[in-house]
Amino acid sequence: MADNLFLGLPPPSATPPHPVTEQPPPAIKTKSSPAPAPVLKSVLKRDKPSEPQAQAGTSVPKRLRFKTTMDASETQVIEAMQKIASHIKNPTKFGKASKLALQLIQAGSIKQGTSDSFFAILEAAMSSPLTCTEPSLRADYQALFSAAQDVTDCFSKPQKNQLASWTIRAVVANDLYTDDSFVFSKAAGRIKEAISSLPVANEEDDTEEAAVLAKDKNEAVDDDRDTGNMLSEASPQPEKNEESDPFGLDALLPKTLKKDEKGRGKKEAASLSRKSEEDSKRFVKSQREALILCLEIAARRYKIPWAQTVIDILVQHAFDNIERFTSHQRDAIGKLWTSIREQHTRRKQGKSVTGKLDMNAFEWLQLKYANEKISIRHAVGDGGKRRAEQWLG
């Protein structure tokens, strides 16, 4: 009986009881929580569209971007260039205007249809020739005219020549202000090449160069007078022709037409040749003036020891090719060469540019205090005359 494990238990029933299904515990009723409120963010910061929405094919709004000059039409680009040209003349606005012009170059907006408008920007920038060498504008001028070398294929031949002379002023002349000896020597080499490429000046250049500017100013007045005279002379001609040829039969004659066309063609060819000659003379004149400016800047930097040898060679090269400049410019080069030669002889004698002997800091202080009267009591006394010894004891 002790081994009976089922002692005291009820007998098993015939039908098994229904299985008790476990029910989940009743949900505790809580207050309905509202949907999470969206977090307010700045308008400038927008979340990127989630990947599931992109995969589901839902339309995701794209970001709005500023329309670049690549997408702008040619008329819009020309209007933008005209605005830049109007502001780039002002030195205070040159920095922003030059950066906008650089963006046009980088965007590829300089083409045959817009090249004249872009050249007007460069012309406005160089309206004052000496502004490009100001310390606050040197870097912007160098960046603009260095980038303009990439679009020279869109310019005409006179425009290329003018851009070359502007580049000497805006890029090469500003390279002479550098503290890098390599950049300085490279700029000096470019100046030497430009001097060697100049034509030899003759007596006519000395007189014609002074008359070119006056001729340019009077050309507009002369053209207006010529057009007025031509109109006044042409006005009575129809009455005479009507009287001599009332039926207009002279217009049917081919000989007169051919003669008139040949005469017009000769006049146009002569005017084009004159214009090309004037453009070439103007280019040579501006090239010479830009090179003289570079020589003057280099001569002013002769106080720098590492630049003295390069300046000696540069000014000597200009003096050896002095026949390529006009009479006034030859005088300026002669004065520069005399000044550089004097300083060069001082250097050989061991003297500095100011004429004094070269010395280090110790020698300079030794020379300064050699004749000074210094008190033995550390600046007490009257110039070292020992007048204050009685009360000091």
# chains A, B, ... in the order shown; residues from 1 in each chain; ligands from 1

call {"tool": "residues_around", "arguments": {"residues": "Lys186 of chain A", "least_positions_apart": "5", "cutoff": "9 Å", "atoms": "only C-alpha atoms", "output": "PyMOL selection string"}}
result
chain A and resi 175+181+191

call {"tool": "write_last_selection", "arguments": {"atoms": "N, CA and C atoms", "output": "PDB file, in the first residue's frame"}}
result
ATOM      1  N   ASP A 175      52.892  89.334 -61.250  1.00  0.00           N
ATOM      2  CA  ASP A 175      53.812  88.273 -60.824  1.00  0.00           C
ATOM      3  C   ASP A 175      55.127  88.841 -60.298  1.00  0.00           C
ATOM      4  N   SER A 181      60.810  83.221 -55.786  1.00  0.00           N
ATOM      5  CA  SER A 181      61.856  83.507 -56.762  1.00  0.00           C
ATOM      6  C   SER A 181      61.592  82.824 -58.099  1.00  0.00           C
ATOM      7  N   ILE A 191      58.718  88.604 -69.979  1.00  0.00           N
ATOM      8  CA  ILE A 191      58.934  89.993 -70.393  1.00  0.00           C
ATOM      9  C   ILE A 191      60.038  90.071 -71.438  1.00  0.00           C
TER      10      ILE A 191
END

call {"tool": "atom_distance", "arguments": {"atom1": "atom CA of Ser165 of chain A", "atom2": "atom CA of Gln287 of chain A"}}
result
5.1 Å

call {"tool": "select_by_dssp", "arguments": {"residues": "segment 147-201 of chain A", "states": "alpha helix (DSSP H)", "output": "CSV table (one decimal) with N, CA, C and O atoms, in the first residue's frame"}}
result
chain,number,residue,atom,x,y,z
A,147,ALA,N,42.2,83.0,-66.7
A,147,ALA,CA,41.2,82.1,-67.2
A,147,ALA,C,40.7,82.5,-68.6
A,147,ALA,O,40.2,81.7,-69.4
A,157,LYS,N,41.2,88.5,-84.3
A,157,LYS,CA,42.6,88.8,-84.2
A,157,LYS,C,42.9,90.1,-83.5
A,157,LYS,O,43.8,90.1,-82.6
A,158,PRO,N,42.2,91.2,-83.7
A,158,PRO,CA,42.5,92.4,-82.9
A,158,PRO,C,42.2,92.2,-81.4
A,158,PRO,O,42.9,92.7,-80.6
A,159,GLN,N,41.1,91.4,-81.2
A,159,GLN,CA,40.8,91.2,-79.8
A,159,GLN,C,41.8,90.3,-79.1
A,159,GLN,O,42.2,90.5,-77.9
A,160,LYS,N,42.4,89.4,-79.8
A,160,LYS,CA,43.5,88.5,-79.2
A,160,LYS,C,44.7,89.4,-78.9
A,160,LYS,O,45.4,89.2,-77.9
A,161,ASN,N,45.1,90.3,-79.9
A,161,ASN,CA,46.2,91.2,-79.6
A,161,ASN,C,46.0,92.1,-78.4
A,161,ASN,O,46.9,92.3,-77.6
A,162,GLN,N,44.8,92.6,-78.3
A,162,GLN,CA,44.5,93.5,-77.2
A,162,GLN,C,44.5,92.7,-75.9
A,162,GLN,O,45.0,93.2,-74.8
A,163,LEU,N,44.0,91.4,-75.9
A,163,LEU,CA,44.1,90.6,-74.7
A,163,LEU,C,45.5,90.3,-74.3
A,163,LEU,O,45.8,90.2,-73.1
A,164,ALA,N,46.4,90.1,-75.3
A,164,ALA,CA,47.8,89.8,-75.0
A,164,ALA,C,48.4,91.0,-74.2
A,164,ALA,O,49.2,90.8,-73.2
A,165,SER,N,48.2,92.2,-74.6
A,165,SER,CA,48.7,93.4,-73.9
A,165,SER,C,48.1,93.5,-72.5
A,165,SER,O,48.8,93.9,-71.6
A,166,TRP,N,46.8,93.2,-72.4
A,166,TRP,CA,46.2,93.3,-71.1
A,166,TRP,C,46.7,92.2,-70.2
A,166,TRP,O,46.9,92.5,-69.0
A,167,THR,N,47.1,91.1,-70.7
A,167,THR,CA,47.6,90.0,-69.9
A,167,THR,C,48.9,90.4,-69.3
A,167,THR,O,49.3,90.0,-68.2
A,173,ALA,N,52.8,91.5,-64.9
A,173,ALA,CA,53.2,92.6,-64.0
A,173,ALA,C,53.0,92.3,-62.5
A,173,ALA,O,53.8,92.6,-61.6
A,174,ASN,N,51.8,91.7,-62.2
A,174,ASN,CA,51.5,91.3,-60.8
A,174,ASN,C,52.4,90.2,-60.3
A,174,ASN,O,52.6,90.0,-59.1
A,175,ASP,N,52.9,89.3,-61.2
A,175,ASP,CA,53.8,88.3,-60.8
A,175,ASP,C,55.1,88.8,-60.3
A,175,ASP,O,55.8,88.2,-59.5
A,181,SER,N,60.8,83.2,-55.8
A,181,SER,CA,61.9,83.5,-56.8
A,181,SER,C,61.6,82.8,-58.1
A,181,SER,O,61.9,83.4,-59.2
A,182,PHE,N,61.0,81.6,-58.1
A,182,PHE,CA,60.7,80.9,-59.3
A,182,PHE,C,59.7,81.7,-60.1
A,182,PHE,O,59.8,81.9,-61.4
A,183,VAL,N,58.6,82.2,-59.5
A,183,VAL,CA,57.5,82.9,-60.2
A,183,VAL,C,58.1,84.2,-60.8
A,183,VAL,O,57.8,84.7,-61.9
A,184,PHE,N,59.0,84.9,-60.0
A,184,PHE,CA,59.6,86.1,-60.4
A,184,PHE,C,60.5,85.9,-61.6
A,184,PHE,O,60.4,86.7,-62.6
A,185,SER,N,61.3,84.9,-61.6
A,185,SER,CA,62.2,84.7,-62.8
A,185,SER,C,61.4,84.2,-64.0
A,185,SER,O,61.7,84.6,-65.1
A,186,LYS,N,60.3,83.5,-63.8
A,186,LYS,CA,59.4,83.1,-64.9
A,186,LYS,C,58.8,84.3,-65.5
A,186,LYS,O,58.7,84.5,-66.8
A,187,ALA,N,58.3,85.3,-64.7
A,187,ALA,CA,57.7,86.5,-65.2
A,187,ALA,C,58.8,87.3,-66.0
A,187,ALA,O,58.5,87.9,-67.1
A,188,ALA,N,60.0,87.4,-65.5
A,188,ALA,CA,61.0,88.1,-66.2
A,188,ALA,C,61.3,87.5,-67.5
A,188,ALA,O,61.6,88.2,-68.5
A,189,GLY,N,61.3,86.2,-67.6
A,189,GLY,CA,61.5,85.5,-68.9
A,189,GLY,C,60.4,85.8,-69.9
A,189,GLY,O,60.7,86.0,-71.1
A,190,ARG,N,59.2,85.9,-69.4
A,190,ARG,CA,58.1,86.3,-70.4
A,190,ARG,C,58.2,87.7,-70.8
A,190,ARG,O,57.9,88.0,-72.0
A,191,ILE,N,58.7,88.6,-70.0
A,191,ILE,CA,58.9,90.0,-70.4
A,191,ILE,C,60.0,90.1,-71.4
A,191,ILE,O,59.9,90.8,-72.4
A,192,LYS,N,61.1,89.3,-71.3
A,192,LYS,CA,62.2,89.3,-72.2
A,192,LYS,C,61.7,88.8,-73.6
A,192,LYS,O,62.1,89.3,-74.6
A,193,GLU,N,60.9,87.7,-73.6
A,193,GLU,CA,60.3,87.2,-74.9
A,193,GLU,C,59.4,88.3,-75.5
A,193,GLU,O,59.5,88.4,-76.8
A,194,ALA,N,58.6,89.0,-74.7
A,194,ALA,CA,57.8,90.0,-75.3
A,194,ALA,C,58.6,91.2,-75.9
A,194,ALA,O,58.2,91.7,-77.0
A,195,ILE,N,59.7,91.5,-75.3
A,195,ILE,CA,60.5,92.6,-75.8
A,195,ILE,C,61.2,92.2,-77.1
A,195,ILE,O,61.3,93.0,-78.1
A,196,SER,N,61.6,90.9,-77.2
A,196,SER,CA,62.3,90.4,-78.4
A,196,SER,C,61.3,90.4,-79.6
A,196,SER,O,61.7,90.4,-80.7

call {"tool": "closest_residue", "arguments": {"among": "A:Thr152, A:Gln142, A:Glu268, A:Ile78", "to": "Val172 of chain A", "atoms": "only C-alpha atoms"}}
result
A:Gln142

call {"tool": "residues_around", "arguments": {"residues": "Ile311 of chain A", "least_positions_apart": "3", "cutoff": "12 Å", "atoms": "only C-alpha atoms", "output": "JSON, numbers by chain"}}
result
{"A": [176, 181, 184, 185, 186, 187, 188, 189, 191, 192, 294, 295, 296, 297, 298, 299, 300, 301, 302, 303, 304, 305, 306, 307, 308, 314, 315, 316, 317, 318, 336, 337, 339, 340, 341, 343, 344]}
